[in-house]
file my_file_19.txt (compact mmCIF, C-alpha atoms and all ligand atoms)
# COMPACT_ATOMS: atom_id res chain seq x y z
CA MET A 32 -85.63 138.55 24.20
CA ASP A 33 -86.39 139.71 27.74
CA SER A 34 -83.11 141.26 28.60
CA LEU A 35 -80.62 143.22 26.60
CA THR A 36 -76.97 143.70 27.55
CA LEU A 37 -75.14 146.47 25.75
CA THR A 38 -71.77 148.15 25.90
CA ARG A 39 -72.46 151.22 28.04
CA PRO A 40 -73.76 153.92 25.70
CA ASP A 41 -72.91 157.63 25.49
CA ASP A 42 -75.28 160.53 24.85
CA TRP A 43 -73.87 162.74 22.08
CA HIS A 44 -76.32 165.65 22.65
CA LEU A 45 -77.51 166.56 26.13
CA HIS A 46 -78.71 169.61 28.07
CA LEU A 47 -77.73 169.43 31.74
CA ARG A 48 -78.52 173.05 32.72
CA ASP A 49 -76.92 174.32 35.93
CA GLY A 50 -77.36 174.66 39.69
CA ASP A 51 -80.35 172.88 41.26
CA ALA A 52 -81.66 171.85 37.85
CA LEU A 53 -78.33 170.18 37.05
CA ARG A 54 -78.38 168.31 40.36
CA ALA A 55 -81.94 167.15 39.64
CA VAL A 56 -81.34 165.71 36.16
CA LEU A 57 -77.71 164.55 36.09
CA PRO A 58 -78.24 161.20 37.90
CA ASP A 59 -80.78 160.11 35.26
CA THR A 60 -78.11 160.42 32.56
CA ALA A 61 -75.20 159.09 34.61
CA ARG A 62 -77.11 155.89 35.45
CA GLN A 63 -77.25 154.93 31.77
CA PHE A 64 -74.47 156.74 29.94
CA ALA A 65 -70.70 156.78 30.49
CA ARG A 66 -70.22 160.15 28.76
CA ALA A 67 -72.27 162.91 27.23
CA ILE A 68 -71.63 165.83 24.94
CA VAL A 69 -72.90 168.66 27.13
CA MET A 70 -74.60 171.53 25.33
CA PRO A 71 -73.27 175.02 26.12
CA ASN A 72 -76.54 177.00 25.91
CA LEU A 73 -76.51 178.23 29.49
CA ARG A 74 -77.26 181.82 30.39
CA PRO A 75 -74.70 183.27 29.78
CA PRO A 76 -73.43 180.63 27.33
CA VAL A 77 -70.25 178.57 27.71
CA ARG A 78 -68.01 180.57 25.39
CA SER A 79 -64.45 180.10 26.59
CA VAL A 80 -62.29 177.23 27.76
CA ALA A 81 -62.37 178.82 31.22
CA ASP A 82 -66.22 178.78 31.16
CA ALA A 83 -66.13 175.13 30.08
CA ALA A 84 -63.65 174.18 32.81
CA ALA A 85 -65.82 175.80 35.48
CA TYR A 86 -69.04 174.20 34.15
CA ARG A 87 -67.34 170.81 33.91
CA GLN A 88 -66.32 171.08 37.57
CA ARG A 89 -69.88 172.01 38.59
CA ILE A 90 -71.13 168.90 36.77
CA LEU A 91 -68.55 166.66 38.47
CA ASP A 92 -69.45 168.21 41.84
CA ALA A 93 -73.14 167.48 41.20
CA LEU A 94 -72.55 163.77 40.49
CA PRO A 95 -73.84 161.36 43.12
CA PRO A 96 -70.90 159.45 44.61
CA GLY A 97 -70.13 156.17 42.89
CA LEU A 98 -71.58 157.09 39.49
CA PRO A 99 -68.69 157.36 37.04
CA PHE A 100 -69.58 159.85 34.33
CA GLU A 101 -67.47 161.98 32.02
CA PRO A 102 -68.89 165.25 30.74
CA LEU A 103 -67.54 166.06 27.27
CA MET A 104 -67.63 169.83 27.06
CA THR A 105 -68.53 172.07 24.12
CA LEU A 106 -68.05 175.75 23.35
CA TYR A 107 -70.84 177.98 22.13
CA LEU A 108 -69.88 179.59 18.85
CA THR A 109 -70.53 183.34 18.61
CA ASP A 110 -69.68 185.98 16.05
CA ASN A 111 -66.61 186.71 18.18
CA THR A 112 -65.14 183.20 18.55
CA SER A 113 -61.57 183.19 17.16
CA ALA A 114 -59.29 180.55 15.66
CA ASP A 115 -57.18 180.88 18.81
CA ASP A 116 -60.19 179.91 20.94
CA ILE A 117 -60.44 176.71 18.89
CA HIS A 118 -56.77 175.80 19.29
CA HIS A 119 -57.00 176.57 22.99
CA ALA A 120 -60.10 174.34 23.24
CA ARG A 121 -58.37 171.45 21.51
CA ALA A 122 -55.35 171.77 23.79
CA SER A 123 -57.58 171.65 26.90
CA GLY A 124 -58.31 167.93 26.43
CA PHE A 125 -61.85 168.32 27.85
CA VAL A 126 -63.54 170.43 25.17
CA HIS A 127 -64.62 168.04 22.44
CA ALA A 128 -66.71 170.12 20.04
CA VAL A 129 -68.03 173.54 19.14
CA LYS A 130 -71.75 174.24 18.90
CA TYR A 131 -73.32 176.40 16.23
CA TYR A 132 -76.73 177.91 16.94
CA PRO A 133 -78.20 180.30 14.40
CA ALA A 134 -78.98 183.42 16.46
CA GLY A 135 -82.54 183.12 17.74
CA ALA A 136 -83.20 179.55 16.53
CA THR A 137 -83.86 177.87 19.88
CA THR A 138 -83.58 178.03 23.70
CA ASN A 139 -80.85 180.50 24.80
CA SER A 140 -79.53 181.06 21.29
CA ASP A 141 -79.62 184.86 21.21
CA SER A 142 -75.79 185.02 21.33
CA GLY A 143 -75.60 182.61 18.40
CA VAL A 144 -74.02 183.24 15.02
CA THR A 145 -75.69 185.90 12.87
CA ASP A 146 -73.90 184.97 9.64
CA LEU A 147 -72.06 181.75 8.83
CA GLN A 148 -69.71 183.67 6.51
CA ARG A 149 -68.16 185.23 9.62
CA CYS A 150 -67.01 181.83 10.87
CA GLU A 151 -64.50 180.97 8.16
CA ALA A 152 -61.37 181.32 10.32
CA VAL A 153 -63.02 179.22 13.03
CA PHE A 154 -64.01 176.50 10.54
CA ASP A 155 -60.44 176.43 9.22
CA ALA A 156 -59.16 175.98 12.76
CA LEU A 157 -61.71 173.24 13.41
CA GLN A 158 -60.59 171.40 10.29
CA ASP A 159 -56.99 171.59 11.43
CA THR A 160 -57.72 170.35 14.94
CA GLY A 161 -60.20 167.65 13.87
CA MET A 162 -62.73 168.90 16.42
CA PRO A 163 -66.34 168.50 15.23
CA LEU A 164 -68.72 171.37 14.52
CA LEU A 165 -72.16 170.56 15.96
CA MET A 166 -74.98 172.33 14.16
CA HIS A 167 -78.51 173.19 15.19
CA GLY A 168 -79.56 172.95 11.56
CA GLU A 169 -82.51 175.28 11.11
CA VAL A 170 -82.83 178.60 9.35
CA THR A 171 -84.38 181.36 11.43
CA ASP A 172 -85.97 183.22 8.51
CA PRO A 173 -89.54 183.85 9.74
CA ASN A 174 -90.76 183.56 6.15
CA VAL A 175 -89.75 179.90 6.02
CA ASP A 176 -92.42 177.52 7.27
CA ILE A 177 -91.37 176.06 10.63
CA PHE A 178 -91.70 172.50 9.29
CA ASP A 179 -89.27 173.30 6.44
CA ARG A 180 -86.54 175.03 8.40
CA GLU A 181 -84.22 172.02 8.58
CA ALA A 182 -84.50 171.17 4.88
CA VAL A 183 -83.94 174.82 3.93
CA PHE A 184 -80.91 175.04 6.22
CA ILE A 185 -79.34 172.12 4.37
CA GLU A 186 -79.98 173.73 0.97
CA ARG A 187 -79.01 177.28 1.90
CA HIS A 188 -76.06 176.69 4.22
CA LEU A 189 -74.96 173.16 5.00
CA LEU A 190 -74.20 172.00 1.46
CA ARG A 191 -71.92 174.99 0.98
CA VAL A 192 -70.12 174.70 4.34
CA ALA A 193 -69.54 170.98 3.81
CA GLU A 194 -68.03 171.65 0.40
CA GLN A 195 -66.04 174.75 1.27
CA PHE A 196 -64.40 173.00 4.27
CA PRO A 197 -63.84 169.47 2.96
CA ARG A 198 -62.05 168.22 6.08
CA LEU A 199 -64.46 169.79 8.59
CA LYS A 200 -66.21 167.24 10.78
CA ILE A 201 -69.85 168.19 11.09
CA VAL A 202 -72.66 166.71 13.19
CA LEU A 203 -76.11 167.74 12.06
CA GLU A 204 -77.76 167.64 15.46
CA HIS A 205 -81.17 166.13 16.26
CA ILE A 206 -82.21 165.45 12.65
CA THR A 207 -85.97 165.45 12.15
CA THR A 208 -86.56 165.03 8.42
CA ALA A 209 -86.07 162.63 5.53
CA GLN A 210 -83.98 165.39 3.93
CA GLY A 211 -81.68 165.48 6.98
CA ALA A 212 -81.23 161.70 6.97
CA GLN A 213 -80.65 161.63 3.23
CA PHE A 214 -78.17 164.51 3.28
CA VAL A 215 -76.07 162.77 5.94
CA ALA A 216 -76.23 159.33 4.32
CA GLN A 217 -75.13 160.71 0.96
CA SER A 218 -72.55 163.17 2.21
CA ARG A 219 -68.79 162.82 2.34
CA GLU A 220 -66.93 161.17 5.17
CA GLY A 221 -66.80 163.24 8.38
CA ILE A 222 -70.47 164.22 8.38
CA GLY A 223 -72.75 162.56 10.92
CA ALA A 224 -76.03 163.12 12.72
CA THR A 225 -77.56 162.56 16.12
CA ILE A 226 -81.12 161.26 16.40
CA THR A 227 -83.33 161.69 19.48
CA ALA A 228 -85.61 159.03 20.96
CA HIS A 229 -88.62 161.35 20.73
CA HIS A 230 -88.18 161.96 17.02
CA LEU A 231 -88.03 158.18 16.52
CA LEU A 232 -91.21 157.60 18.52
CA LEU A 233 -93.46 160.60 17.85
CA ASN A 234 -94.77 162.51 14.89
CA ARG A 235 -96.32 165.97 14.88
CA ASN A 236 -99.78 164.68 15.75
CA ALA A 237 -98.43 164.36 19.31
CA ILE A 238 -98.37 168.17 19.61
CA PHE A 239 -102.13 168.34 19.01
CA ALA A 240 -103.43 165.05 20.45
CA GLY A 241 -106.83 166.00 21.93
CA GLY A 242 -105.65 169.57 22.58
CA LEU A 243 -102.44 171.55 22.62
CA ARG A 244 -99.62 169.56 24.23
CA PRO A 245 -96.75 171.79 25.37
CA HIS A 246 -94.76 168.80 26.61
CA ALA A 247 -94.49 167.49 23.04
CA TYR A 248 -93.08 170.79 21.79
CA CYS A 249 -89.38 170.82 20.96
CA LEU A 250 -87.09 172.26 18.32
CA PRO A 251 -86.69 171.25 15.64
CA VAL A 252 -90.42 170.63 15.94
CA LEU A 253 -91.78 167.08 15.44
CA LYS A 254 -92.49 166.35 11.79
CA ARG A 255 -95.01 164.24 9.84
CA GLU A 256 -95.05 160.44 9.97
CA THR A 257 -93.08 159.90 6.74
CA HIS A 258 -90.17 161.81 8.28
CA ARG A 259 -90.33 159.77 11.49
CA GLN A 260 -90.12 156.63 9.38
CA ALA A 261 -87.08 157.96 7.53
CA LEU A 262 -85.35 158.66 10.85
CA VAL A 263 -86.09 155.14 12.09
CA ALA A 264 -84.68 153.72 8.86
CA ALA A 265 -81.49 155.77 9.32
CA ALA A 266 -81.10 154.84 13.00
CA ILE A 267 -81.49 151.09 12.39
CA SER A 268 -79.48 151.07 9.14
CA GLY A 269 -76.17 150.26 10.82
CA ASN A 270 -74.65 153.27 9.03
CA PRO A 271 -72.02 154.63 11.46
CA LYS A 272 -72.87 158.22 10.49
CA PHE A 273 -75.99 158.02 12.69
CA PHE A 274 -75.67 157.91 16.46
CA LEU A 275 -77.54 158.50 19.69
CA GLY A 276 -78.12 162.02 21.01
CA THR A 277 -81.12 162.38 23.29
CA ASP A 278 -81.37 166.19 23.20
CA SER A 279 -82.97 165.71 26.61
CA ALA A 280 -83.87 169.34 27.35
CA PRO A 281 -85.49 169.86 30.75
CA HIS A 282 -87.67 172.90 31.40
CA ALA A 283 -89.70 173.65 34.52
CA ARG A 284 -93.34 172.70 34.11
CA HIS A 285 -94.64 176.27 34.41
CA THR A 286 -92.28 177.50 31.66
CA LYS A 287 -93.73 174.99 29.19
CA GLU A 288 -97.35 175.35 30.28
CA ALA A 289 -97.34 179.06 29.43
CA ASP A 290 -98.43 181.61 26.79
CA CYS A 291 -95.13 181.19 25.06
CA GLY A 292 -93.87 177.83 26.22
CA CYS A 293 -90.24 176.69 26.07
CA ALA A 294 -89.08 174.10 23.54
CA GLY A 295 -87.62 170.83 24.73
CA LEU A 296 -88.58 167.33 25.85
CA TYR A 297 -87.12 165.67 28.93
CA THR A 298 -86.20 162.09 28.06
CA ALA A 299 -83.12 161.34 30.18
CA HIS A 300 -85.13 159.51 32.87
CA SER A 301 -85.72 156.58 30.52
CA ALA A 302 -83.66 157.36 27.45
CA MET A 303 -82.31 153.88 26.74
CA ALA A 304 -85.72 152.28 27.36
CA LEU A 305 -87.28 154.68 24.84
CA TYR A 306 -84.62 153.95 22.22
CA ALA A 307 -85.09 150.21 22.87
CA GLU A 308 -88.82 150.60 22.18
CA ALA A 309 -88.16 152.41 18.92
CA PHE A 310 -85.64 149.82 17.72
CA GLU A 311 -87.86 146.94 18.83
CA HIS A 312 -90.89 148.31 16.94
CA ALA A 313 -88.69 148.36 13.87
CA GLY A 314 -87.53 144.78 14.49
CA ALA A 315 -83.95 145.97 14.89
CA LEU A 316 -82.93 145.57 18.54
CA HIS A 317 -79.69 144.02 17.25
CA ARG A 318 -78.77 147.42 15.78
CA LEU A 319 -79.20 149.35 19.04
CA GLU A 320 -75.69 148.75 20.38
CA GLY A 321 -73.93 150.12 17.29
CA PHE A 322 -76.12 153.23 17.29
CA ALA A 323 -75.94 153.83 21.04
CA SER A 324 -72.44 152.67 21.96
CA PHE A 325 -70.09 152.43 18.96
CA HIS A 326 -70.84 154.94 16.19
CA GLY A 327 -70.52 158.03 18.42
CA PRO A 328 -67.08 157.28 19.94
CA ASP A 329 -65.81 156.17 16.54
CA PHE A 330 -66.91 159.49 14.99
CA TYR A 331 -65.37 161.54 17.81
CA ARG A 332 -62.27 159.29 17.83
CA LEU A 333 -62.71 158.41 21.48
CA PRO A 334 -62.36 154.90 22.92
CA ARG A 335 -65.48 152.75 23.10
CA ASN A 336 -66.67 152.07 26.66
CA GLN A 337 -65.58 148.88 28.36
CA THR A 338 -68.44 148.41 30.83
CA GLN A 339 -72.02 147.37 30.10
CA ILE A 340 -75.62 148.15 30.95
CA CYS A 341 -78.57 145.82 31.03
CA LEU A 342 -82.18 146.56 30.04
CA GLN A 343 -85.04 144.29 31.17
CA ARG A 344 -88.35 143.94 29.45
CA GLU A 345 -90.64 145.28 32.15
CA VAL A 346 -93.61 147.56 31.77
CA TRP A 347 -93.50 150.44 34.26
CA THR A 348 -95.24 153.77 34.64
CA VAL A 349 -93.29 157.01 34.33
CA PRO A 350 -94.10 159.45 37.19
CA ALA A 351 -96.47 162.32 36.32
CA GLU A 352 -93.75 164.79 37.23
CA LEU A 353 -90.19 164.83 38.54
CA PRO A 354 -88.44 167.23 40.93
CA PHE A 355 -86.52 170.03 39.19
CA GLY A 356 -84.91 172.25 41.80
CA GLU A 357 -87.63 174.48 43.26
CA ALA A 358 -89.97 173.47 40.43
CA THR A 359 -91.01 170.24 38.73
CA LEU A 360 -90.74 168.96 35.19
CA VAL A 361 -92.98 166.72 33.13
CA PRO A 362 -90.95 163.89 31.57
CA MET A 363 -91.75 162.20 28.27
CA ARG A 364 -94.47 159.53 28.80
CA ALA A 365 -95.52 161.13 32.11
CA GLY A 366 -98.16 158.89 33.71
CA GLU A 367 -97.84 156.41 30.84
CA SER A 368 -95.92 153.20 30.44
CA VAL A 369 -92.52 152.32 29.02
CA ALA A 370 -91.77 148.75 27.93
CA TRP A 371 -88.14 148.45 29.05
CA ARG A 372 -86.35 149.26 32.27
CA LEU A 373 -82.70 149.79 33.09
CA SER A 374 -81.49 147.03 35.37
CA PRO A 375 -79.67 148.38 38.44
CA ALA A 376 -77.11 145.59 38.08
CA ALA A 377 -74.63 147.39 35.84
CA VAL A 378 -71.67 145.28 34.81
C1 LIG B 401 -83.14 172.76 23.54
C2 LIG B 401 -83.06 173.43 24.90
O1 LIG B 401 -84.10 173.52 25.58
O2 LIG B 401 -81.97 173.82 25.34
N1 LIG B 401 -84.52 172.67 23.15
C3 LIG B 401 -85.05 171.84 22.23
O3 LIG B 401 -86.25 171.94 21.96
N2 LIG B 401 -84.33 170.92 21.63
C4 LIG B 401 -82.31 173.54 22.56
C5 LIG B 401 -81.97 172.80 21.29
O4 LIG B 401 -81.39 171.71 21.33
O5 LIG B 401 -82.25 173.31 20.21
ZN ZN B 402 -80.84 172.35 18.91
ZN ZN B 403 -80.37 170.37 22.11
call {"tool": "encode", "arguments": {"input": "my_file_19.txt", "output": "structure tokens"}}
result
Amino acid sequence: MDSLTLTRPDDWHLHLRDGDALRAVLPDTARQFARAIVMPNLRPPVRSVADAAAYRQRILDALPPGLPFEPLMTLYLTDNTSADDIHHARASGFVHAVKYYPAGATTNSDSGVTDLQRCEAVFDALQDTGMPLLMHGEVTDPNVDIFDREAVFIERHLLRVAEQFPRLKIVLEHITTAQGAQFVAQSREGIGATITAHHLLLNRNAIFAGGLRPHAYCLPVLKRETHRQALVAAAISGNPKFFLGTDSAPHARHTKEADCGCAGLYTAHSAMALYAEAFEHAGALHRLEGFASFHGPDFYRLPRNQTQICLQREVWTVPAELPFGEATLVPMRAGESVAWRLSPAAV
């Protein structure tokens, strides 16, 4: 198979940033995806419907003419989010989910939730509205080994939340472990997970290949090979609980190549090509469309897209760096090849 035509996919977990950075990265996503769930971890975070409306307009204003793209907005859950905020968000029509970050777990998460017990009224409201709760599923306890933080989050928190709020829709974001995949596969209806291209293609050796590699550092951190294999098995299984979320998370080069470098991989420049590689290695290209284009809208109860994209088998070299406002960023596979390429002839 040398070309692959798919229903236009959506990205169910994306960081677009703001300002010049937003203008630099948005076209990469809009070329491939019809919609994306836009993460709210700006500084300051997107906390209210008014914040989300303003950010949504900045995204639309940053779109190159002729590229149709719909940003699906999210609110950043804090200790002070109220049930009213949730009802207001649902009524807006453009806020599609609420994002839970444990305080301090990842980039710009210092306003995150300090204690899940404080969120009960919000979770009740989410259940009633049917709006999903998106979770960065890691504990922040410094005594827990960084490679175990996802599995421990499931044991300590997620099992209880899922049981205590039986109608709450939950997406365990960017799963990285066999435990994450297994929890989602075995859980009740209404619990799903996004999987990134980088966690399907890389294991933790990438962080230390020949030296310390800041551009392979993300959160949750890459895990050992057995976990990567479990994620591939989940992604290609055809189980509608698993769907595409790139977690493309651009950071300026100098902020990653630093004493205390930022977490996040930039993958939006060739996201669909990278997913195609992962599915092809697993002999499951026929499962890519369900994962990339159907399972996400079905979970969010949004219509599937009507247009298509086409990928060609063509080896090409990813640039060593890309413009990022005043700075540059180093994309995944910088200076190396990718086996598929998005065809400009979108249908
Ligand atoms: C994300 C970011 O940079 O905003 N970083 C990352 O490593 N994934 C935050 C996140 O998704 O946790
Ligand atoms: Zn996260
Ligand atoms: Zn993210």
call {"tool": "axis_aligned_box", "arguments": {"input": "my_file_19.txt", "around": "ligand LIG 401 (chain B)", "padding_each_side": "4 Å", "output": "JSON"}}
result
{"center_x": -83.8, "center_y": 172.4, "center_z": 22.9, "size_x": 12.9, "size_y": 10.9, "size_z": 13.4}
call {"tool": "residues_near_ligand", "arguments": {"input": "my_file_19.txt", "ligand": "ligand ZN 403 (chain B)", "cutoff": "12 Å", "atoms": "all atoms listed in the file", "output": "PDB file with C-alpha atoms, keeping the file's coordinate frame"}}
result
ATOM      1  CA  ASP A  42     -75.280 160.530  24.850  1.00  0.00           C
ATOM      2  CA  TRP A  43     -73.870 162.740  22.080  1.00  0.00           C
ATOM      3  CA  HIS A  44     -76.320 165.650  22.650  1.00  0.00           C
ATOM      4  CA  LEU A  45     -77.510 166.560  26.130  1.00  0.00           C
ATOM      5  CA  HIS A  46     -78.710 169.610  28.070  1.00  0.00           C
ATOM      6  CA  LEU A  47     -77.730 169.430  31.740  1.00  0.00           C
ATOM      7  CA  ARG A  48     -78.520 173.050  32.720  1.00  0.00           C
ATOM      8  CA  ILE A  68     -71.630 165.830  24.940  1.00  0.00           C
ATOM      9  CA  VAL A  69     -72.900 168.660  27.130  1.00  0.00           C
ATOM     10  CA  MET A  70     -74.600 171.530  25.330  1.00  0.00           C
ATOM     11  CA  PRO A  71     -73.270 175.020  26.120  1.00  0.00           C
ATOM     12  CA  ASN A  72     -76.540 177.000  25.910  1.00  0.00           C
ATOM     13  CA  LEU A  73     -76.510 178.230  29.490  1.00  0.00           C
ATOM     14  CA  LYS A 130     -71.750 174.240  18.900  1.00  0.00           C
ATOM     15  CA  TYR A 131     -73.320 176.400  16.230  1.00  0.00           C
ATOM     16  CA  TYR A 132     -76.730 177.910  16.940  1.00  0.00           C
ATOM     17  CA  ALA A 136     -83.200 179.550  16.530  1.00  0.00           C
ATOM     18  CA  THR A 137     -83.860 177.870  19.880  1.00  0.00           C
ATOM     19  CA  THR A 138     -83.580 178.030  23.700  1.00  0.00           C
ATOM     20  CA  ASN A 139     -80.850 180.500  24.800  1.00  0.00           C
ATOM     21  CA  SER A 140     -79.530 181.060  21.290  1.00  0.00           C
ATOM     22  CA  LEU A 165     -72.160 170.560  15.960  1.00  0.00           C
ATOM     23  CA  MET A 166     -74.980 172.330  14.160  1.00  0.00           C
ATOM     24  CA  HIS A 167     -78.510 173.190  15.190  1.00  0.00           C
ATOM     25  CA  GLY A 168     -79.560 172.950  11.560  1.00  0.00           C
ATOM     26  CA  LEU A 203     -76.110 167.740  12.060  1.00  0.00           C
ATOM     27  CA  GLU A 204     -77.760 167.640  15.460  1.00  0.00           C
ATOM     28  CA  HIS A 205     -81.170 166.130  16.260  1.00  0.00           C
ATOM     29  CA  ILE A 206     -82.210 165.450  12.650  1.00  0.00           C
ATOM     30  CA  THR A 225     -77.560 162.560  16.120  1.00  0.00           C
ATOM     31  CA  ILE A 226     -81.120 161.260  16.400  1.00  0.00           C
ATOM     32  CA  THR A 227     -83.330 161.690  19.480  1.00  0.00           C
ATOM     33  CA  CYS A 249     -89.380 170.820  20.960  1.00  0.00           C
ATOM     34  CA  LEU A 250     -87.090 172.260  18.320  1.00  0.00           C
ATOM     35  CA  PRO A 251     -86.690 171.250  15.640  1.00  0.00           C
ATOM     36  CA  VAL A 252     -90.420 170.630  15.940  1.00  0.00           C
ATOM     37  CA  GLY A 276     -78.120 162.020  21.010  1.00  0.00           C
ATOM     38  CA  THR A 277     -81.120 162.380  23.290  1.00  0.00           C
ATOM     39  CA  ASP A 278     -81.370 166.190  23.200  1.00  0.00           C
ATOM     40  CA  SER A 279     -82.970 165.710  26.610  1.00  0.00           C
ATOM     41  CA  ALA A 280     -83.870 169.340  27.350  1.00  0.00           C
ATOM     42  CA  PRO A 281     -85.490 169.860  30.750  1.00  0.00           C
ATOM     43  CA  ALA A 294     -89.080 174.100  23.540  1.00  0.00           C
ATOM     44  CA  GLY A 295     -87.620 170.830  24.730  1.00  0.00           C
ATOM     45  CA  LEU A 296     -88.580 167.330  25.850  1.00  0.00           C
ATOM     46  CA  TYR A 297     -87.120 165.670  28.930  1.00  0.00           C
ATOM     47  CA  THR A 298     -86.200 162.090  28.060  1.00  0.00           C
TER      48      THR A 298
END
call {"tool": "atom_distance", "arguments": {"input": "my_file_19.txt", "atom1": "atom CA of A:Met303", "atom2": "atom CA of A:Gln63"}}
result
7.2 Å
call {"tool": "residues_near_point", "arguments": {"input": "my_file_19.txt", "point": "(-94.4, 168.6, 32.0)", "cutoff": "6 Å", "atoms": "all atoms listed in the file", "output": "ChimeraX atom specification"}}
result
/A:246,284,360-362
call {"tool": "residues_around", "arguments": {"input": "my_file_19.txt", "residues": "A:Arg89", "least_positions_apart": "3", "cutoff": "10 Å", "atoms": "all atoms listed in the file", "output": "list in words"}}
result
Asp49, Gly50, Leu53, Arg54, Ala83, Ala84, Ala85, Tyr86, Asp92, Ala93 and Leu94 of chain A
call {"tool": "closest_residue", "arguments": {"input": "my_file_19.txt", "among": "A:Glu367, A:Glu352, A:Asp110, A:Asp176", "to": "A:Gly143", "atoms": "only C-alpha atoms"}}
result
A:Asp110
call {"tool": "closest_residue", "arguments": {"input": "my_file_19.txt", "among": "A:Leu147, A:Leu316, A:Ala134, A:Val192", "to": "ligand ZN 402 (chain B)", "atoms": "all atoms listed in the file"}}
result
A:Ala134
